[in-house]
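Visitor: Next up, query_20.txt (compact mmCIF, N, CA and C atoms).
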```txt
# COMPACT_ATOMS: atom_id res chain seq x y z
N MET A 1 95.16 110.84 104.02
CA MET A 1 95.22 109.81 105.02
C MET A 1 93.79 109.35 105.34
N ASN A 2 93.61 108.06 105.46
CA ASN A 2 92.31 107.49 105.83
C ASN A 2 92.30 107.25 107.33
N VAL A 3 91.30 107.83 108.00
CA VAL A 3 91.22 107.79 109.46
C VAL A 3 89.90 107.17 109.88
N LEU A 4 89.97 106.13 110.71
CA LEU A 4 88.77 105.57 111.30
C LEU A 4 88.56 106.29 112.64
N PHE A 5 87.43 106.98 112.76
CA PHE A 5 87.11 107.76 113.96
C PHE A 5 85.98 107.04 114.68
N ILE A 6 86.28 106.50 115.87
CA ILE A 6 85.30 105.73 116.63
C ILE A 6 84.84 106.58 117.81
N GLU A 7 83.63 107.08 117.69
CA GLU A 7 83.08 108.04 118.66
C GLU A 7 81.56 107.95 118.64
N ASP A 8 80.95 107.83 119.82
CA ASP A 8 79.50 107.71 119.88
C ASP A 8 78.79 109.06 120.01
N ASP A 9 79.51 110.11 120.32
CA ASP A 9 78.93 111.44 120.52
C ASP A 9 78.94 112.24 119.21
N MET A 10 77.75 112.55 118.69
CA MET A 10 77.63 113.25 117.41
C MET A 10 78.28 114.64 117.46
N ILE A 11 78.22 115.31 118.59
CA ILE A 11 78.83 116.63 118.71
C ILE A 11 80.34 116.52 118.56
N GLU A 12 80.94 115.49 119.16
CA GLU A 12 82.39 115.28 119.02
C GLU A 12 82.76 114.97 117.57
N THR A 13 81.90 114.23 116.90
CA THR A 13 82.14 113.91 115.49
C THR A 13 82.10 115.18 114.64
N MET A 14 81.11 116.02 114.90
CA MET A 14 81.01 117.29 114.16
C MET A 14 82.21 118.18 114.46
N LYS A 15 82.66 118.16 115.70
CA LYS A 15 83.82 118.98 116.10
C LYS A 15 85.08 118.52 115.35
N LEU A 16 85.27 117.22 115.24
CA LEU A 16 86.42 116.70 114.52
C LEU A 16 86.34 117.08 113.04
N GLN A 17 85.17 116.89 112.44
CA GLN A 17 84.99 117.24 111.02
C GLN A 17 85.29 118.72 110.79
N ARG A 18 84.81 119.57 111.67
CA ARG A 18 85.05 121.01 111.56
C ARG A 18 86.54 121.33 111.64
N ALA A 19 87.21 120.70 112.59
CA ALA A 19 88.65 120.96 112.78
C ALA A 19 89.46 120.53 111.57
N ILE A 20 89.23 119.31 111.07
CA ILE A 20 90.06 118.85 109.95
C ILE A 20 89.73 119.54 108.64
N SER A 21 88.56 120.13 108.55
CA SER A 21 88.22 120.86 107.32
C SER A 21 89.12 122.09 107.15
N LYS A 22 89.74 122.52 108.23
CA LYS A 22 90.63 123.68 108.19
C LYS A 22 92.08 123.31 107.86
N PHE A 23 92.39 122.03 107.90
CA PHE A 23 93.77 121.59 107.61
C PHE A 23 94.04 121.70 106.12
N GLN A 24 95.30 121.97 105.76
CA GLN A 24 95.66 122.06 104.35
C GLN A 24 95.56 120.69 103.68
N SER A 25 96.04 119.66 104.34
CA SER A 25 95.95 118.32 103.79
C SER A 25 94.53 117.81 103.95
N LYS A 26 94.07 117.09 102.97
CA LYS A 26 92.72 116.54 103.03
C LYS A 26 92.78 115.09 103.52
N HIS A 27 91.88 114.77 104.40
CA HIS A 27 91.83 113.43 104.99
C HIS A 27 90.44 112.86 104.81
N ARG A 28 90.39 111.55 104.71
CA ARG A 28 89.10 110.86 104.61
C ARG A 28 88.79 110.29 105.99
N ILE A 29 87.68 110.73 106.55
CA ILE A 29 87.26 110.26 107.87
C ILE A 29 86.16 109.21 107.69
N ILE A 30 86.39 108.04 108.26
CA ILE A 30 85.41 106.97 108.26
C ILE A 30 84.88 106.92 109.69
N GLU A 31 83.59 107.06 109.85
CA GLU A 31 83.02 107.15 111.20
C GLU A 31 82.38 105.85 111.64
N ALA A 32 82.61 105.53 112.92
CA ALA A 32 81.93 104.40 113.56
C ALA A 32 81.45 104.90 114.92
N LYS A 33 80.24 104.50 115.29
CA LYS A 33 79.65 104.98 116.54
C LYS A 33 80.01 104.10 117.74
N ASN A 34 80.59 102.93 117.48
CA ASN A 34 81.00 102.04 118.57
C ASN A 34 82.00 101.01 118.03
N GLY A 35 82.54 100.21 118.93
CA GLY A 35 83.54 99.23 118.54
C GLY A 35 83.03 98.17 117.60
N GLU A 36 81.79 97.73 117.79
CA GLU A 36 81.24 96.71 116.90
C GLU A 36 81.14 97.22 115.47
N GLU A 37 80.65 98.44 115.31
CA GLU A 37 80.55 99.05 113.98
C GLU A 37 81.95 99.23 113.38
N ALA A 38 82.92 99.58 114.22
CA ALA A 38 84.30 99.75 113.74
C ALA A 38 84.86 98.43 113.20
N PHE A 39 84.57 97.32 113.88
CA PHE A 39 85.07 96.03 113.38
C PHE A 39 84.43 95.64 112.06
N GLU A 40 83.18 96.01 111.86
CA GLU A 40 82.54 95.76 110.57
C GLU A 40 83.29 96.50 109.47
N ILE A 41 83.67 97.75 109.75
CA ILE A 41 84.43 98.55 108.79
C ILE A 41 85.81 97.95 108.55
N LEU A 42 86.47 97.53 109.64
CA LEU A 42 87.83 96.98 109.53
C LEU A 42 87.85 95.64 108.80
N ASN A 43 86.75 94.95 108.76
CA ASN A 43 86.69 93.68 108.03
C ASN A 43 86.33 93.89 106.57
N GLY A 44 86.27 95.15 106.14
CA GLY A 44 86.00 95.48 104.74
C GLY A 44 87.26 95.33 103.91
N GLU A 45 87.24 95.93 102.73
CA GLU A 45 88.34 95.75 101.79
C GLU A 45 89.61 96.52 102.14
N SER A 46 89.49 97.78 102.57
CA SER A 46 90.70 98.54 102.84
C SER A 46 90.75 98.99 104.30
N LEU A 47 91.97 99.06 104.80
CA LEU A 47 92.19 99.45 106.19
C LEU A 47 92.52 100.93 106.28
N PRO A 48 92.18 101.55 107.40
CA PRO A 48 92.56 102.96 107.58
C PRO A 48 94.05 103.06 107.89
N ASP A 49 94.57 104.27 107.77
CA ASP A 49 95.97 104.50 108.13
C ASP A 49 96.15 104.60 109.64
N ILE A 50 95.20 105.27 110.29
CA ILE A 50 95.21 105.39 111.75
C ILE A 50 93.78 105.27 112.27
N ILE A 51 93.67 105.03 113.58
CA ILE A 51 92.38 104.96 114.25
C ILE A 51 92.39 105.97 115.40
N LEU A 52 91.37 106.80 115.46
CA LEU A 52 91.14 107.68 116.60
C LEU A 52 90.01 107.06 117.40
N LEU A 53 90.25 106.78 118.67
CA LEU A 53 89.32 105.99 119.48
C LEU A 53 88.93 106.70 120.77
N ASP A 54 87.63 106.80 121.00
CA ASP A 54 87.12 107.29 122.27
C ASP A 54 87.08 106.09 123.23
N LEU A 55 87.23 106.34 124.52
CA LEU A 55 87.19 105.24 125.49
C LEU A 55 85.79 104.93 125.98
N ASN A 56 85.00 105.96 126.20
CA ASN A 56 83.68 105.78 126.81
C ASN A 56 82.61 105.65 125.74
N MET A 57 82.29 104.39 125.41
CA MET A 57 81.30 104.13 124.37
C MET A 57 80.36 103.01 124.80
N PRO A 58 79.16 102.97 124.21
CA PRO A 58 78.23 101.88 124.50
C PRO A 58 78.66 100.60 123.77
N ARG A 59 78.07 99.50 124.17
CA ARG A 59 78.29 98.17 123.57
C ARG A 59 79.67 97.61 123.87
N MET A 60 80.70 98.28 123.36
CA MET A 60 82.08 97.82 123.55
C MET A 60 82.90 99.05 123.94
N SER A 61 83.51 99.02 125.10
CA SER A 61 84.30 100.17 125.53
C SER A 61 85.54 100.31 124.65
N GLY A 62 86.17 101.45 124.72
CA GLY A 62 87.40 101.67 123.96
C GLY A 62 88.49 100.68 124.34
N ILE A 63 88.58 100.36 125.64
CA ILE A 63 89.61 99.41 126.09
C ILE A 63 89.30 98.00 125.58
N GLU A 64 88.03 97.63 125.54
CA GLU A 64 87.66 96.32 124.98
C GLU A 64 88.01 96.27 123.49
N PHE A 65 87.70 97.35 122.77
CA PHE A 65 88.02 97.42 121.35
C PHE A 65 89.53 97.30 121.14
N LEU A 66 90.27 98.05 121.93
CA LEU A 66 91.73 98.06 121.83
C LEU A 66 92.31 96.66 122.08
N THR A 67 91.81 95.98 123.09
CA THR A 67 92.27 94.63 123.40
C THR A 67 92.02 93.69 122.23
N LYS A 68 90.85 93.81 121.66
CA LYS A 68 90.47 92.94 120.54
C LYS A 68 91.30 93.23 119.28
N ILE A 69 91.50 94.49 118.97
CA ILE A 69 92.24 94.83 117.74
C ILE A 69 93.72 94.43 117.85
N LYS A 70 94.28 94.56 119.04
CA LYS A 70 95.70 94.24 119.22
C LYS A 70 95.96 92.74 119.27
N SER A 71 94.91 91.93 119.39
CA SER A 71 95.08 90.48 119.35
C SER A 71 94.79 89.90 117.96
N ASP A 72 94.44 90.77 117.02
CA ASP A 72 94.14 90.35 115.65
C ASP A 72 95.39 90.50 114.77
N GLU A 73 95.80 89.41 114.14
CA GLU A 73 97.04 89.42 113.32
C GLU A 73 97.00 90.45 112.19
N LYS A 74 95.85 90.64 111.60
CA LYS A 74 95.72 91.57 110.47
C LYS A 74 95.67 93.03 110.94
N LEU A 75 95.10 93.28 112.10
CA LEU A 75 94.82 94.65 112.54
C LEU A 75 95.77 95.20 113.59
N LYS A 76 96.57 94.35 114.22
CA LYS A 76 97.35 94.77 115.38
C LYS A 76 98.39 95.86 115.10
N TYR A 77 98.77 96.03 113.84
CA TYR A 77 99.77 97.06 113.52
C TYR A 77 99.17 98.43 113.26
N LEU A 78 97.85 98.52 113.19
CA LEU A 78 97.23 99.83 112.96
C LEU A 78 97.45 100.73 114.16
N PRO A 79 97.95 101.94 113.93
CA PRO A 79 98.14 102.86 115.06
C PRO A 79 96.79 103.33 115.61
N VAL A 80 96.63 103.16 116.91
CA VAL A 80 95.41 103.59 117.58
C VAL A 80 95.77 104.73 118.52
N ILE A 81 95.12 105.87 118.31
CA ILE A 81 95.34 107.04 119.15
C ILE A 81 94.05 107.26 119.94
N ILE A 82 94.18 107.27 121.25
CA ILE A 82 93.02 107.51 122.11
C ILE A 82 92.74 109.01 122.10
N LEU A 83 91.48 109.35 121.88
CA LEU A 83 91.01 110.75 121.90
C LEU A 83 89.83 110.77 122.86
N THR A 84 90.08 111.21 124.09
CA THR A 84 89.09 111.03 125.15
C THR A 84 89.07 112.18 126.14
N THR A 85 88.05 112.21 126.96
CA THR A 85 87.99 113.18 128.06
C THR A 85 88.53 112.57 129.35
N SER A 86 88.81 111.27 129.32
CA SER A 86 89.24 110.56 130.53
C SER A 86 90.67 110.91 130.92
N GLU A 87 90.81 111.47 132.11
CA GLU A 87 92.13 111.73 132.67
C GLU A 87 92.48 110.68 133.72
N ASN A 88 91.74 109.58 133.70
CA ASN A 88 91.94 108.50 134.65
C ASN A 88 93.28 107.81 134.37
N ARG A 89 94.17 107.84 135.35
CA ARG A 89 95.50 107.26 135.18
C ARG A 89 95.43 105.75 134.91
N VAL A 90 94.46 105.07 135.49
CA VAL A 90 94.29 103.63 135.26
C VAL A 90 94.00 103.38 133.78
N ASP A 91 93.10 104.20 133.19
CA ASP A 91 92.80 104.08 131.75
C ASP A 91 94.07 104.31 130.93
N LEU A 92 94.78 105.36 131.25
CA LEU A 92 96.00 105.71 130.53
C LEU A 92 97.00 104.56 130.54
N LEU A 93 97.28 104.03 131.72
CA LEU A 93 98.26 102.94 131.85
C LEU A 93 97.79 101.68 131.14
N LYS A 94 96.50 101.37 131.27
CA LYS A 94 95.95 100.17 130.61
C LYS A 94 96.08 100.28 129.09
N CYS A 95 95.78 101.45 128.56
CA CYS A 95 95.87 101.66 127.11
C CYS A 95 97.31 101.49 126.61
N PHE A 96 98.27 102.07 127.31
CA PHE A 96 99.66 101.91 126.89
C PHE A 96 100.13 100.47 127.06
N GLU A 97 99.63 99.79 128.09
CA GLU A 97 99.98 98.38 128.30
C GLU A 97 99.49 97.53 127.13
N ILE A 98 98.28 97.81 126.64
CA ILE A 98 97.71 97.06 125.52
C ILE A 98 98.43 97.39 124.22
N GLY A 99 98.82 98.67 124.07
CA GLY A 99 99.58 99.04 122.88
C GLY A 99 98.96 100.14 122.04
N ILE A 100 98.96 101.35 122.54
CA ILE A 100 98.44 102.47 121.76
C ILE A 100 99.58 103.30 121.21
N ALA A 101 99.26 104.13 120.24
CA ALA A 101 100.26 105.01 119.63
C ALA A 101 100.22 106.40 120.26
N GLY A 102 99.19 106.70 121.04
CA GLY A 102 99.10 108.01 121.69
C GLY A 102 97.82 108.12 122.51
N TYR A 103 97.84 109.05 123.45
CA TYR A 103 96.70 109.27 124.33
C TYR A 103 96.48 110.77 124.42
N ILE A 104 95.43 111.25 123.79
CA ILE A 104 95.14 112.68 123.72
C ILE A 104 93.89 112.97 124.54
N ILE A 105 94.02 113.89 125.49
CA ILE A 105 92.87 114.31 126.27
C ILE A 105 92.22 115.49 125.55
N LYS A 106 90.92 115.35 125.30
CA LYS A 106 90.18 116.41 124.60
C LYS A 106 90.10 117.65 125.49
N PRO A 107 90.66 118.75 125.02
CA PRO A 107 90.55 119.98 125.83
C PRO A 107 89.15 120.57 125.72
N LEU A 108 88.78 121.37 126.70
CA LEU A 108 87.46 121.99 126.68
C LEU A 108 87.36 123.09 125.64
N LYS A 109 88.42 123.84 125.46
CA LYS A 109 88.43 124.96 124.54
C LYS A 109 88.63 124.45 123.10
N TYR A 110 87.74 124.86 122.18
CA TYR A 110 87.79 124.36 120.81
C TYR A 110 89.13 124.64 120.13
N GLU A 111 89.68 125.81 120.32
CA GLU A 111 90.96 126.17 119.68
C GLU A 111 92.08 125.22 120.11
N ASP A 112 92.07 124.82 121.37
CA ASP A 112 93.07 123.88 121.87
C ASP A 112 92.85 122.49 121.26
N TYR A 113 91.60 122.11 121.11
CA TYR A 113 91.25 120.83 120.48
C TYR A 113 91.77 120.80 119.04
N GLU A 114 91.50 121.86 118.31
CA GLU A 114 91.94 121.95 116.91
C GLU A 114 93.47 121.89 116.82
N SER A 115 94.14 122.58 117.72
CA SER A 115 95.60 122.61 117.74
C SER A 115 96.18 121.21 118.00
N LYS A 116 95.60 120.51 118.97
CA LYS A 116 96.07 119.15 119.27
C LYS A 116 95.85 118.22 118.09
N LEU A 117 94.67 118.30 117.49
CA LEU A 117 94.38 117.45 116.34
C LEU A 117 95.33 117.72 115.19
N LYS A 118 95.63 118.97 114.94
CA LYS A 118 96.54 119.35 113.86
C LYS A 118 97.91 118.68 114.08
N LYS A 119 98.38 118.71 115.31
CA LYS A 119 99.68 118.08 115.62
C LYS A 119 99.63 116.58 115.40
N VAL A 120 98.54 115.96 115.80
CA VAL A 120 98.38 114.51 115.60
C VAL A 120 98.40 114.18 114.11
N PHE A 121 97.61 114.90 113.33
CA PHE A 121 97.54 114.63 111.89
C PHE A 121 98.87 114.94 111.20
N ASP A 122 99.52 116.02 111.58
CA ASP A 122 100.82 116.35 110.99
C ASP A 122 101.83 115.24 111.25
N TYR A 123 101.84 114.72 112.46
CA TYR A 123 102.78 113.66 112.81
C TYR A 123 102.52 112.40 111.98
N TRP A 124 101.26 111.96 111.92
CA TRP A 124 100.96 110.71 111.24
C TRP A 124 101.06 110.82 109.73
N GLU A 125 100.96 112.02 109.19
CA GLU A 125 101.14 112.20 107.74
C GLU A 125 102.56 111.86 107.31
N ILE A 126 103.55 112.10 108.17
CA ILE A 126 104.94 111.87 107.79
C ILE A 126 105.48 110.55 108.31
N SER A 127 104.70 109.82 109.08
CA SER A 127 105.15 108.54 109.63
C SER A 127 105.01 107.42 108.61
N GLU A 128 105.91 106.47 108.70
CA GLU A 128 105.82 105.28 107.86
C GLU A 128 104.81 104.35 108.50
N LEU A 129 103.79 103.99 107.77
CA LEU A 129 102.71 103.19 108.32
C LEU A 129 102.76 101.76 107.78
N ILE A 130 102.47 100.81 108.64
CA ILE A 130 102.47 99.40 108.28
C ILE A 130 101.04 98.89 108.35
N LYS A 131 100.63 98.18 107.33
CA LYS A 131 99.31 97.52 107.37
C LYS A 131 99.53 96.02 107.32
N GLY A 132 98.82 95.31 108.21
CA GLY A 132 98.99 93.85 108.35
C GLY A 132 98.73 93.06 107.10
```
Please lay out the structure from this file as structure tokens.
Guide:
Amino acid sequence: MNVLFIEDDMIETMKLQRAISKFQSKHRIIEAKNGEEAFEILNGESLPDIILLDLNMPRMSGIEFLTKIKSDEKLKYLPVIILTTSENRVDLLKCFEIGIAGYIIKPLKYEDYESKLKKVFDYWEISELIKG
């Protein structure tokens, strides 16, 4: 599965790479440090299967990115899963209103983080995915 991971924190990126390296299935992670960089990637030749998106980023917030991607005819069908530390109910409701496929709060304990990610990847591996 090809995954676009949009995250500005290098430690979070390393944590994700470490977690997925333990999964039996191999995934290709494409990294973007912000929404603008992510759009450059999305305007390339091939689209990812899913997008993992942090909300708190410089330049373009996760909610701004989400609003923009969901208004694009080519990109609006890509599943976007929020992966964030934000437990703000306003953020949660806004994201679902715009159209996300899931909202995952990053746990503090690494083992819990790995477990949540495994469930997310297992689910999306068996889902039928549509590309615009």
Visitor: Could you please determine the separation between CA of Ile69 in chain A and atom N of Lys15 in chain A in Å, to one decimal place?
Guide: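 Atom N of Lys15 in chain A lies 25.3 Å from CA of Ile69 in chain A.
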Visitor: Can you list, as a PyMOL selection string, all residues belonging to range 9-130 of chain A that DSSP tags as strand (DSSP E)?
Guide: chain A and resi 28-32+50-53+80-84+102-105
Visitor: Identify, on the basis of only C-alpha atoms, every residue whose closest approach to Leu92 in chain A does not exceed 12 Å; exclude the query and any residue fewer than 6 positions from it along the same chain; express the result as a list of chain:residue names.
Guide: A:Leu55, A:Gly62, A:Ile63, A:Ile81, A:Ile82, A:Leu83, A:Thr84, A:Thr85, A:Ser86, A:Ile98, A:Gly99, A:Ile100, A:Ala101, A:Gly102, A:Tyr103, A:Ile104, A:Ile105
Visitor: So which residues of range 30-128 of chain A fall under helix (DSSP H, G or I) by DSSP, listed as a PyMOL selection string?
Guide: chain A and resi 35-42+62-70+89-98+110-126
Visitor: Would you mind exporting the chosen residues as a compact mmCIF listing (two decimals), in the coordinates of the input, restricted to N, CA and C atoms?
Guide:
```txt
# COMPACT_ATOMS: atom_id res chain seq x y z
N GLY A 35 82.54 100.21 118.93
CA GLY A 35 83.54 99.23 118.54
C GLY A 35 83.03 98.17 117.60
N GLU A 36 81.79 97.73 117.79
CA GLU A 36 81.24 96.71 116.90
C GLU A 36 81.14 97.22 115.47
N GLU A 37 80.65 98.44 115.31
CA GLU A 37 80.55 99.05 113.98
C GLU A 37 81.95 99.23 113.38
N ALA A 38 82.92 99.58 114.22
CA ALA A 38 84.30 99.75 113.74
C ALA A 38 84.86 98.43 113.20
N PHE A 39 84.57 97.32 113.88
CA PHE A 39 85.07 96.03 113.38
C PHE A 39 84.43 95.64 112.06
N GLU A 40 83.18 96.01 111.86
CA GLU A 40 82.54 95.76 110.57
C GLU A 40 83.29 96.50 109.47
N ILE A 41 83.67 97.75 109.75
CA ILE A 41 84.43 98.55 108.79
C ILE A 41 85.81 97.95 108.55
N LEU A 42 86.47 97.53 109.64
CA LEU A 42 87.83 96.98 109.53
C LEU A 42 87.85 95.64 108.80
N GLY A 62 86.17 101.45 124.72
CA GLY A 62 87.40 101.67 123.96
C GLY A 62 88.49 100.68 124.34
N ILE A 63 88.58 100.36 125.64
CA ILE A 63 89.61 99.41 126.09
C ILE A 63 89.30 98.00 125.58
N GLU A 64 88.03 97.63 125.54
CA GLU A 64 87.66 96.32 124.98
C GLU A 64 88.01 96.27 123.49
N PHE A 65 87.70 97.35 122.77
CA PHE A 65 88.02 97.42 121.35
C PHE A 65 89.53 97.30 121.14
N LEU A 66 90.27 98.05 121.93
CA LEU A 66 91.73 98.06 121.83
C LEU A 66 92.31 96.66 122.08
N THR A 67 91.81 95.98 123.09
CA THR A 67 92.27 94.63 123.40
C THR A 67 92.02 93.69 122.23
N LYS A 68 90.85 93.81 121.66
CA LYS A 68 90.47 92.94 120.54
C LYS A 68 91.30 93.23 119.28
N ILE A 69 91.50 94.49 118.97
CA ILE A 69 92.24 94.83 117.74
C ILE A 69 93.72 94.43 117.85
N LYS A 70 94.28 94.56 119.04
CA LYS A 70 95.70 94.24 119.22
C LYS A 70 95.96 92.74 119.27
N ARG A 89 94.17 107.84 135.35
CA ARG A 89 95.50 107.26 135.18
C ARG A 89 95.43 105.75 134.91
N VAL A 90 94.46 105.07 135.49
CA VAL A 90 94.29 103.63 135.26
C VAL A 90 94.00 103.38 133.78
N ASP A 91 93.10 104.20 133.19
CA ASP A 91 92.80 104.08 131.75
C ASP A 91 94.07 104.31 130.93
N LEU A 92 94.78 105.36 131.25
CA LEU A 92 96.00 105.71 130.53
C LEU A 92 97.00 104.56 130.54
N LEU A 93 97.28 104.03 131.72
CA LEU A 93 98.26 102.94 131.85
C LEU A 93 97.79 101.68 131.14
N LYS A 94 96.50 101.37 131.27
CA LYS A 94 95.95 100.17 130.61
C LYS A 94 96.08 100.28 129.09
N CYS A 95 95.78 101.45 128.56
CA CYS A 95 95.87 101.66 127.11
C CYS A 95 97.31 101.49 126.61
N PHE A 96 98.27 102.07 127.31
CA PHE A 96 99.66 101.91 126.89
C PHE A 96 100.13 100.47 127.06
N GLU A 97 99.63 99.79 128.09
CA GLU A 97 99.98 98.38 128.30
C GLU A 97 99.49 97.53 127.13
N ILE A 98 98.28 97.81 126.64
CA ILE A 98 97.71 97.06 125.52
C ILE A 98 98.43 97.39 124.22
N TYR A 110 87.74 124.86 122.18
CA TYR A 110 87.79 124.36 120.81
C TYR A 110 89.13 124.64 120.13
N GLU A 111 89.68 125.81 120.32
CA GLU A 111 90.96 126.17 119.68
C GLU A 111 92.08 125.22 120.11
N ASP A 112 92.07 124.82 121.37
CA ASP A 112 93.07 123.88 121.87
C ASP A 112 92.85 122.49 121.26
N TYR A 113 91.60 122.11 121.11
CA TYR A 113 91.25 120.83 120.48
C TYR A 113 91.77 120.80 119.04
N GLU A 114 91.50 121.86 118.31
CA GLU A 114 91.94 121.95 116.91
C GLU A 114 93.47 121.89 116.82
N SER A 115 94.14 122.58 117.72
CA SER A 115 95.60 122.61 117.74
C SER A 115 96.18 121.21 118.00
N LYS A 116 95.60 120.51 118.97
CA LYS A 116 96.07 119.15 119.27
C LYS A 116 95.85 118.22 118.09
N LEU A 117 94.67 118.30 117.49
CA LEU A 117 94.38 117.45 116.34
C LEU A 117 95.33 117.72 115.19
N LYS A 118 95.63 118.97 114.94
CA LYS A 118 96.54 119.35 113.86
C LYS A 118 97.91 118.68 114.08
N LYS A 119 98.38 118.71 115.31
CA LYS A 119 99.68 118.08 115.62
C LYS A 119 99.63 116.58 115.40
N VAL A 120 98.54 115.96 115.80
CA VAL A 120 98.38 114.51 115.60
C VAL A 120 98.40 114.18 114.11
N PHE A 121 97.61 114.90 113.33
CA PHE A 121 97.54 114.63 111.89
C PHE A 121 98.87 114.94 111.20
N ASP A 122 99.52 116.02 111.58
CA ASP A 122 100.82 116.35 110.99
C ASP A 122 101.83 115.24 111.25
N TYR A 123 101.84 114.72 112.46
CA TYR A 123 102.78 113.66 112.81
C TYR A 123 102.52 112.40 111.98
N TRP A 124 101.26 111.96 111.92
CA TRP A 124 100.96 110.71 111.24
C TRP A 124 101.06 110.82 109.73
N GLU A 125 100.96 112.02 109.19
CA GLU A 125 101.14 112.20 107.74
C GLU A 125 102.56 111.86 107.31
N ILE A 126 103.55 112.10 108.17
CA ILE A 126 104.94 111.87 107.79
C ILE A 126 105.48 110.55 108.31
```
Visitor: Using only N, CA and C atoms, which of the listed residues (A:Ile29, A:Ile41, A:Leu47, A:Met57) sits closest to Glu7 in chain A?
Guide: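 Ranking A:Ile29, A:Ile41, A:Leu47, A:Met57 by distance to Glu7 in chain A, first place goes to A:Met57.
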Visitor: What separation in Å, quoted to one decimal, exists between CA of Lys94 in chain A and atom C of Asp54 in chain A?
Guide: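 Interatomic distance here is 13.0 Å.
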